[in-house]
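So this one's protein-v4.cif, mmCIF, C-alpha atoms:
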```
data_start
#
loop_
_atom_site.label_atom_id
_atom_site.label_comp_id
_atom_site.auth_asym_id
_atom_site.auth_seq_id
_atom_site.Cartn_x
_atom_site.Cartn_y
_atom_site.Cartn_z
CA MET Q 1 0.00 0.00 0.00
CA PRO Q 2 2.15 2.94 -1.20
CA ILE Q 3 1.73 5.96 1.08
CA ARG Q 4 2.12 9.15 -0.93
CA HIS Q 5 1.81 11.61 1.94
CA ALA Q 6 1.00 11.37 5.64
CA ILE Q 7 0.95 13.82 8.52
CA VAL Q 8 -0.35 13.97 12.09
CA HIS Q 9 -1.50 17.09 13.95
CA LEU Q 10 -2.68 17.38 17.55
CA ILE Q 11 -5.79 19.21 18.74
CA ASP Q 12 -5.58 19.52 22.51
CA LYS Q 13 -9.13 19.92 23.78
CA LYS Q 14 -10.18 18.95 27.27
CA PRO Q 15 -13.72 17.95 28.23
CA ASP Q 16 -13.82 20.82 30.77
CA GLY Q 17 -14.72 23.39 28.12
CA THR Q 18 -11.35 25.11 27.87
CA PRO Q 19 -10.44 26.36 24.35
CA ALA Q 20 -8.92 23.86 21.95
CA VAL Q 21 -5.23 24.34 21.20
CA LEU Q 22 -3.75 23.22 17.88
CA HIS Q 23 -0.23 21.75 17.76
CA ALA Q 24 0.40 21.54 14.01
CA ARG Q 25 3.26 19.62 12.48
CA ASP Q 26 5.19 21.65 9.90
CA SER Q 27 6.37 18.78 7.68
CA GLU Q 28 5.17 15.42 6.40
CA LEU Q 29 5.99 12.18 8.14
CA ALA Q 30 8.99 10.42 6.65
CA GLU Q 31 8.43 6.97 5.16
CA SER Q 32 8.80 4.22 7.75
CA GLN Q 33 7.60 0.73 8.53
CA ALA Q 34 5.86 2.11 11.62
CA ILE Q 35 3.66 4.42 9.51
CA GLU Q 36 2.84 1.61 7.09
CA ASN Q 37 1.89 -0.65 10.00
CA MET Q 38 -0.22 2.10 11.57
CA LEU Q 39 -2.16 2.73 8.35
CA ALA Q 40 -2.67 -0.99 7.78
CA ASP Q 41 -4.04 -1.39 11.32
CA LEU Q 42 -6.19 1.71 10.90
CA ASN Q 43 -7.70 0.37 7.67
CA GLU Q 44 -8.37 -3.00 9.28
CA SER Q 45 -10.15 -1.35 12.20
CA TYR Q 46 -12.07 1.02 9.91
CA ASN Q 47 -13.22 -1.74 7.55
CA ALA Q 48 -14.47 -3.84 10.47
CA LYS Q 49 -16.44 -0.92 11.90
CA GLN Q 50 -20.21 -1.33 11.71
CA GLY Q 51 -22.50 1.64 11.32
CA LYS Q 52 -20.63 3.34 8.47
CA ALA Q 53 -22.41 5.54 5.96
CA TRP Q 54 -21.62 6.38 2.34
CA GLY Q 55 -22.05 9.70 0.61
CA PHE Q 56 -20.62 12.51 -1.48
CA PHE Q 57 -19.50 16.12 -1.11
CA HIS Q 58 -21.85 19.02 -0.64
CA ALA Q 59 -21.26 21.76 -3.19
CA GLU Q 60 -18.22 23.77 -2.11
CA SER Q 61 -19.20 26.75 0.03
CA GLY Q 62 -18.15 28.72 3.07
CA ALA Q 63 -19.91 26.15 5.23
CA HIS Q 64 -18.33 23.24 3.34
CA PRO Q 65 -14.87 24.35 2.14
CA PHE Q 66 -13.04 21.00 2.47
CA SER Q 67 -13.70 19.71 -1.07
CA GLY Q 68 -12.25 22.92 -2.50
CA TRP Q 69 -9.04 22.53 -0.50
CA LEU Q 70 -8.80 18.89 -1.55
CA LYS Q 71 -9.29 19.87 -5.20
CA GLU Q 72 -6.51 22.46 -4.91
CA TYR Q 73 -4.21 19.81 -3.48
CA ILE Q 74 -5.08 17.07 -6.01
CA ASP Q 75 -5.60 19.08 -9.20
CA GLU Q 76 -3.43 22.14 -8.66
CA GLY Q 77 -0.54 20.63 -6.78
CA LYS Q 78 -0.99 22.48 -3.50
CA ASP Q 79 1.45 21.35 -0.83
CA PHE Q 80 0.08 18.43 1.23
CA THR Q 81 1.25 19.91 4.53
CA ALA Q 82 -0.44 23.23 3.73
CA PHE Q 83 -3.63 21.39 2.73
CA SER Q 84 -3.69 19.41 5.97
CA ARG Q 85 -2.96 22.56 8.00
CA VAL Q 86 -5.89 24.58 6.67
CA ALA Q 87 -8.13 21.51 7.03
CA VAL Q 88 -7.15 20.79 10.63
CA GLU Q 89 -7.66 24.46 11.55
CA HIS Q 90 -11.20 24.16 10.20
CA LEU Q 91 -11.69 20.95 12.21
CA GLN Q 92 -10.44 22.73 15.34
CA LYS Q 93 -13.02 25.48 14.79
CA LEU Q 94 -15.90 23.02 14.37
CA MET Q 95 -14.72 20.98 17.33
CA GLU Q 96 -14.70 24.14 19.44
CA GLU Q 97 -18.22 25.03 18.35
CA SER Q 98 -19.63 21.56 18.95
CA ASN Q 99 -18.65 21.33 22.63
CA LEU Q 100 -19.25 17.60 22.23
CA SER Q 101 -15.80 16.20 21.60
CA VAL Q 102 -12.40 15.97 23.16
CA GLY Q 103 -9.34 16.46 21.01
CA GLY Q 104 -6.82 13.97 19.76
CA HIS Q 105 -4.26 13.31 17.07
CA VAL Q 106 -5.59 14.00 13.57
CA LEU Q 107 -4.14 11.78 10.85
CA PHE Q 108 -4.24 12.70 7.17
CA ALA Q 109 -2.97 9.94 4.86
CA HIS Q 110 -3.00 9.94 1.05
CA TYR Q 111 -2.27 6.43 -0.15
CA GLN Q 112 -2.83 4.05 -3.04
CA GLN Q 113 -4.35 0.59 -2.94
CA GLY Q 114 -4.16 -1.23 -6.25
CA MET Q 115 -5.13 1.34 -8.89
CA THR Q 116 -7.23 3.40 -6.47
CA GLU Q 117 -6.15 6.46 -4.51
CA TYR Q 118 -7.62 7.25 -1.10
CA LEU Q 119 -7.46 9.96 1.52
CA ALA Q 120 -8.00 8.73 5.07
CA ILE Q 121 -8.72 11.15 7.91
CA ALA Q 122 -9.06 9.95 11.48
CA LEU Q 123 -9.15 11.38 14.99
CA LEU Q 124 -6.98 9.09 17.10
CA HIS Q 125 -6.68 8.68 20.85
CA HIS Q 126 -4.22 6.97 23.16
CA SER Q 127 -4.68 4.14 25.61
CA GLU Q 128 -2.63 3.45 28.69
CA GLY Q 129 -1.11 0.01 28.97
CA VAL Q 130 1.96 -1.78 30.27
CA ALA Q 131 5.09 -3.18 28.67
CA VAL Q 132 8.13 -5.18 29.74
CA ASN Q 133 11.44 -3.41 29.06
CA GLU Q 134 14.89 -4.86 28.36
CA ALA Q 135 15.59 -5.09 32.10
CA LEU Q 136 12.39 -7.19 32.41
CA ASP Q 137 10.71 -4.46 34.42
CA VAL Q 138 7.00 -3.80 33.90
CA THR Q 139 6.58 -0.17 32.88
CA PRO Q 140 3.70 2.06 31.79
CA SER Q 141 3.18 2.18 28.03
CA ARG Q 142 1.12 4.63 26.00
CA HIS Q 143 -0.04 3.72 22.50
CA LEU Q 144 -2.52 4.75 19.82
CA ASP Q 145 -5.76 2.84 20.32
CA LEU Q 146 -6.72 2.08 16.72
CA GLY Q 147 -9.34 -0.41 17.86
CA GLN Q 148 -11.43 2.39 19.38
CA LEU Q 149 -12.11 4.37 16.24
CA HIS Q 150 -15.11 6.70 16.44
CA LEU Q 151 -14.38 9.61 14.09
CA ALA Q 152 -12.91 8.74 10.71
CA ALA Q 153 -13.63 9.07 7.01
CA ARG Q 154 -12.17 7.69 3.81
CA ILE Q 155 -12.44 9.43 0.44
CA ASN Q 156 -12.04 7.42 -2.76
CA ILE Q 157 -10.17 10.10 -4.70
CA SER Q 158 -10.15 8.09 -7.94
CA GLU Q 159 -13.92 7.65 -7.97
CA TRP Q 160 -14.49 11.28 -6.98
CA GLN Q 161 -12.40 12.42 -9.95
CA ASN Q 162 -13.61 9.92 -12.54
CA ASN Q 163 -17.28 9.29 -11.70
CA LYS Q 164 -19.09 12.59 -11.26
CA ALA Q 165 -22.45 10.85 -10.82
CA SER Q 166 -21.27 8.70 -7.89
CA LYS Q 167 -22.92 9.22 -4.53
CA GLN Q 168 -20.75 6.82 -2.56
CA TYR Q 169 -17.12 7.89 -2.93
CA ILE Q 170 -16.93 8.93 0.73
CA SER Q 171 -17.43 6.58 3.65
CA PHE Q 172 -17.52 7.75 7.25
CA ILE Q 173 -18.28 6.35 10.67
CA LYS Q 174 -21.81 7.25 11.61
CA GLY Q 175 -22.31 7.72 15.33
CA LYS Q 176 -24.41 5.13 17.07
CA ASN Q 177 -28.07 6.13 17.02
CA GLY Q 178 -27.10 9.22 15.03
CA LYS Q 179 -25.22 10.86 17.90
CA LYS Q 180 -24.44 14.51 17.29
CA VAL Q 181 -20.88 13.92 18.47
CA SER Q 182 -20.06 12.69 14.96
CA GLU Q 183 -22.04 15.30 13.05
CA TYR Q 184 -19.39 18.00 13.32
CA PHE Q 185 -16.85 15.59 11.79
CA ARG Q 186 -19.19 14.85 8.89
CA ASP Q 187 -19.70 18.61 8.46
CA PHE Q 188 -15.92 19.06 8.49
CA ILE Q 189 -15.64 16.70 5.51
CA GLY Q 190 -18.65 18.41 3.93
CA CYS Q 191 -20.33 15.10 3.26
CA GLN Q 192 -23.97 14.23 2.72
CA GLU Q 193 -25.34 10.70 2.74
CA GLY Q 194 -25.98 9.38 -0.74
CA VAL Q 195 -26.35 5.62 -0.37
CA ASP Q 196 -28.21 3.67 2.29
CA GLY Q 197 -25.76 0.81 2.89
CA PRO Q 198 -28.07 -1.37 5.02
CA GLY Q 199 -31.01 -0.69 2.70
CA GLU Q 200 -29.00 -1.49 -0.44
CA THR Q 201 -27.71 -4.70 1.15
CA ARG Q 202 -31.23 -5.74 2.16
CA THR Q 203 -32.43 -5.10 -1.40
CA LEU Q 204 -29.59 -7.22 -2.78
CA LEU Q 205 -30.48 -10.07 -0.44
CA LYS Q 206 -34.16 -9.77 -1.40
CA ALA Q 207 -33.15 -9.93 -5.07
CA PHE Q 208 -31.10 -13.04 -4.35
CA SER Q 209 -33.98 -14.74 -2.51
CA ASP Q 210 -36.31 -13.94 -5.41
CA PHE Q 211 -33.74 -15.29 -7.86
CA VAL Q 212 -33.31 -18.56 -5.97
CA GLU Q 213 -37.08 -18.99 -5.71
CA SER Q 214 -37.63 -18.28 -9.42
CA GLU Q 215 -34.95 -20.80 -10.39
CA ASP Q 216 -36.55 -23.52 -8.22
CA LEU Q 217 -33.10 -24.81 -7.30
CA PRO Q 218 -32.30 -27.91 -5.23
CA GLU Q 219 -31.53 -27.14 -1.60
CA GLU Q 220 -27.86 -28.04 -1.93
CA SER Q 221 -27.45 -25.64 -4.86
CA THR Q 222 -29.27 -22.89 -2.95
CA ARG Q 223 -26.99 -23.40 0.03
CA GLU Q 224 -23.87 -23.20 -2.18
CA LYS Q 225 -25.05 -19.99 -3.85
CA THR Q 226 -25.97 -18.43 -0.52
CA LYS Q 227 -22.50 -19.23 0.82
CA ALA Q 228 -20.88 -17.75 -2.31
CA LEU Q 229 -22.84 -14.51 -1.86
CA VAL Q 230 -22.17 -14.14 1.87
CA ASP Q 231 -18.48 -15.07 1.56
CA TYR Q 232 -17.89 -12.60 -1.27
CA ALA Q 233 -19.86 -9.76 0.33
CA SER Q 234 -18.18 -10.31 3.70
CA SER Q 235 -14.76 -10.35 2.04
CA GLN Q 236 -15.50 -7.06 0.26
CA SER Q 237 -16.72 -5.53 3.51
CA LYS Q 238 -13.56 -6.62 5.30
CA MET Q 239 -11.43 -4.94 2.62
CA GLY Q 240 -13.58 -1.83 2.60
CA GLU Q 241 -14.58 -2.46 -1.02
CA PRO Q 242 -18.10 -2.38 -2.54
CA ILE Q 243 -20.00 -5.37 -3.87
CA ALA Q 244 -19.70 -5.47 -7.68
CA LEU Q 245 -22.92 -7.04 -8.94
CA GLU Q 246 -21.45 -8.49 -12.15
CA GLU Q 247 -18.57 -10.08 -10.26
CA LEU Q 248 -20.96 -11.46 -7.65
CA SER Q 249 -23.21 -12.89 -10.38
CA GLY Q 250 -20.28 -14.81 -11.85
CA LEU Q 251 -19.41 -16.29 -8.45
CA ILE Q 252 -22.99 -17.36 -7.77
CA ASP Q 253 -23.32 -19.29 -11.04
CA GLU Q 254 -20.16 -20.05 -12.99
CA ASP Q 255 -22.10 -21.81 -15.76
CA ARG Q 256 -24.39 -18.79 -16.26
CA PRO Q 257 -22.30 -15.93 -14.93
CA ARG Q 258 -24.76 -13.18 -15.90
CA ALA Q 259 -27.95 -14.90 -14.75
CA PHE Q 260 -28.25 -13.18 -11.37
CA TYR Q 261 -27.05 -9.85 -12.78
CA GLU Q 262 -29.72 -9.97 -15.51
CA HIS Q 263 -32.34 -10.93 -12.93
CA ILE Q 264 -31.50 -7.76 -10.97
CA ARG Q 265 -31.62 -5.59 -14.09
CA ASN Q 266 -34.82 -7.09 -15.49
CA LYS Q 267 -36.73 -6.85 -12.21
CA ASP Q 268 -35.54 -3.26 -11.67
CA TYR Q 269 -34.54 -3.44 -8.02
CA GLY Q 270 -32.92 -0.03 -8.36
CA LEU Q 271 -29.44 -1.22 -7.38
CA SER Q 272 -26.29 0.49 -8.61
CA PRO Q 273 -23.63 -1.67 -10.33
CA GLU Q 274 -21.62 -1.40 -7.11
CA ILE Q 275 -23.11 -1.14 -3.63
CA PRO Q 276 -21.54 -0.89 -0.16
CA ALA Q 277 -21.73 -4.04 1.91
CA ASP Q 278 -23.34 -3.61 5.32
CA LYS Q 279 -21.77 -6.14 7.66
CA ARG Q 280 -24.61 -6.22 10.20
CA THR Q 281 -27.20 -6.95 7.52
CA LEU Q 282 -25.02 -9.67 6.01
CA ASN Q 283 -24.58 -11.36 9.37
CA GLN Q 284 -28.36 -11.72 9.63
CA PHE Q 285 -28.56 -13.45 6.24
CA ARG Q 286 -28.03 -17.10 7.05
CA ARG Q 287 -30.20 -20.03 6.16
CA PHE Q 288 -31.66 -22.73 8.37
CA THR Q 289 -32.20 -25.94 6.43
CA GLY Q 290 -33.45 -29.43 7.17
CA ARG Q 291 -34.72 -32.46 5.30
CA ALA Q 292 -36.35 -35.66 6.58
CA GLU Q 293 -39.04 -38.14 5.53
CA GLY Q 294 -40.26 -36.24 2.48
CA LEU Q 295 -40.14 -32.86 4.25
CA SER Q 296 -37.70 -30.14 3.20
CA ILE Q 297 -37.54 -26.82 5.06
CA SER Q 298 -35.26 -23.88 4.29
CA PHE Q 299 -35.53 -20.26 5.35
CA GLU Q 300 -33.37 -17.23 5.98
CA ALA Q 301 -32.30 -16.58 9.55
CA HIS Q 302 -33.69 -13.04 9.65
CA LEU Q 303 -37.24 -14.43 9.22
CA LEU Q 304 -37.03 -16.20 12.59
CA GLY Q 305 -39.18 -14.34 15.07
CA ASP Q 306 -40.96 -12.50 12.27
CA LYS Q 307 -42.60 -14.70 9.67
CA ILE Q 308 -41.43 -17.88 11.36
CA GLU Q 309 -41.87 -18.78 15.03
CA TYR Q 310 -40.07 -21.67 16.67
CA ASP Q 311 -41.43 -23.43 19.76
CA GLU Q 312 -38.53 -25.39 21.22
CA GLU Q 313 -40.63 -27.29 23.78
CA LYS Q 314 -43.18 -28.51 21.24
CA GLY Q 315 -40.67 -28.88 18.43
CA THR Q 316 -42.87 -26.91 16.03
CA LEU Q 317 -42.53 -24.11 13.49
CA ILE Q 318 -45.32 -21.64 12.76
CA ILE Q 319 -44.96 -20.14 9.29
CA LYS Q 320 -46.81 -16.96 8.36
CA GLY Q 321 -47.28 -15.64 4.85
CA LEU Q 322 -46.98 -18.88 2.88
CA PRO Q 323 -45.81 -18.60 -0.74
CA THR Q 324 -48.72 -18.25 -3.19
CA GLN Q 325 -47.46 -21.22 -5.20
CA LEU Q 326 -47.67 -23.40 -2.08
CA THR Q 327 -51.12 -22.20 -0.99
CA ASP Q 328 -52.48 -22.79 -4.50
CA GLN Q 329 -51.26 -26.37 -4.36
CA LEU Q 330 -52.79 -26.87 -0.92
CA LYS Q 331 -56.12 -25.49 -2.07
CA ARG Q 332 -56.20 -27.86 -5.04
CA ARG Q 333 -55.40 -30.73 -2.69
#
```

Any chance you could give the structure as structure tokens?
Amino acid sequence: MPIRHAIVHLIDKKPDGTPAVLHARDSELAESQAIENMLADLNESYNAKQGKAWGFFHAESGAHPFSGWLKEYIDEGKDFTAFSRVAVEHLQKLMEESNLSVGGHVLFAHYQQGMTEYLAIALLHHSEGVAVNEALDVTPSRHLDLGQLHLAARINISEWQNNKASKQYISFIKGKNGKKVSEYFRDFIGCQEGVDGPGETRTLLKAFSDFVESEDLPEESTREKTKALVDYASSQSKMGEPIALEELSGLIDEDRPRAFYEHIRNKDYGLSPEIPADKRTLNQFRRFTGRAEGLSISFEAHLLGDKIEYDEEKGTLIIKGLPTQLTDQLKRR
């Protein structure tokens, strides 16, 4: 993962309401294994974070100046340190106005992954721990706590530059239950939500269920295709990459690689060619299956407690909303 530029500034803001103080670094960080390790760990933590949102820049304005500064840096060759300095001063101002956040170290990292360029911005905090030194003494140790990541965003610079219609080239951590503590950070980026990750993922899973039902596949084949979908989507989520529908279609059915993709297009589910994978929604999409004595039962895990009720003591399932095809057969019987 080549790191083009990276810098860390410090905003010292206490929770007691005293004014925030900026300690700005005046030069970029030199290349080192430590920085590469830090960014790799940061990306791993960020990708695993649930509750992210996807969006795009507001039009540049006095209220949302960040995209203009980024454009000056990317397109006009403005110095990276100068770009990060004006940006962190704006963040300091918003942090001061919010009265909802403590300070921390602010990381700006412009890096490349494959053919794609990204800008990662994160507010980092320290944790106190212990270490054993060369004399085998136990001593206090202070380190960046990358596992506790609450304010961070990642901008896909390549998509922002090359796909003007995209509404998902920015991802950011959305505070739990929409907490205002994260709103000032979103305003700092100048980002508005453009894609509903959980909603898009649910629509994809609905499209897949409809596809499997329309194909009238054997249970073993359905189970294999479900596993292929969940494995691929989970892998993309772990890497912080979107689900590419054409690629997914090929994995689901190698003999007819466009079958699922054409099903989505023909039924007009309204999905973009690439959608963000929502990890929480994916985790709910598992199938319970069973077969015995002429009876075959298969259903998605998220239906349990909704359309399907299980009574453990009686060993029974109550199924609500039977498929029309099944009820028609029962009526004829």

Report task. Find the residue from Q:Ala63, Q:Asn37, Q:Gly114, Q:Leu123 that sits nearest to Val8 (chain Q); use all atoms listed in the file when measuring. Result ->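 Looking at the shortest contact to Val8 (chain Q), the residue is Q:Leu123.
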
Query raised in the report: Written as a PyMOL selection string, what is the full residue list that the PyMOL selection byres ((chain Q and resi 283-296) around 12) yields on the file shown?
Result: chain Q and resi 50+198+201-206+208-209+218-220+222-231+233-234+237+277-282+297-304+308+310

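For the atom pair formed by CA of Asp145 (chain Q) and CA of Leu42 (chain Q), the distance is 9.5 Å, given to one decimal.
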
Using all atoms listed in the file, collect all residues at a distance of at most 9 Å from (0.3, -2.8, 25.6) as written in the file, then present them as an mmCIF file with C-alpha atoms, in the frame of the given file.
```cif
data_model
loop_
_atom_site.group_PDB
_atom_site.id
_atom_site.type_symbol
_atom_site.label_atom_id
_atom_site.label_comp_id
_atom_site.auth_asym_id
_atom_site.auth_seq_id
_atom_site.Cartn_x
_atom_site.Cartn_y
_atom_site.Cartn_z
ATOM 1 C CA SER Q 127 -4.680 4.140 25.610
ATOM 2 C CA GLU Q 128 -2.630 3.450 28.690
ATOM 3 C CA GLY Q 129 -1.110 0.010 28.970
ATOM 4 C CA VAL Q 130 1.960 -1.780 30.270
ATOM 5 C CA ALA Q 131 5.090 -3.180 28.670
ATOM 6 C CA PRO Q 140 3.700 2.060 31.790
ATOM 7 C CA SER Q 141 3.180 2.180 28.030
ATOM 8 C CA ARG Q 142 1.120 4.630 26.000
ATOM 9 C CA HIS Q 143 -0.040 3.720 22.500
#
```

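The two atoms in question, CA of Ile189 (chain Q) and CA of Glu159 (chain Q), are spaced 16.3 Å apart.
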
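Relative to CA of Val195 (chain Q), CA of Ala53 (chain Q) is found at 7.5 Å.
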
Query raised in the report: Can you list, as an MDAnalysis selection string, the residues that the PyMOL selection byres ((chain Q and resi 36) around 12) selects here?
Result: chainID Q and resid 1:6 29:35 37:43 109:112

**Report entry** Answer as a PyMOL selection string, residues within 10 Å of (-19.0, -12.6, -11.4) using only C-alpha atoms
**Finding:** chain Q and resi 244-254+256-261
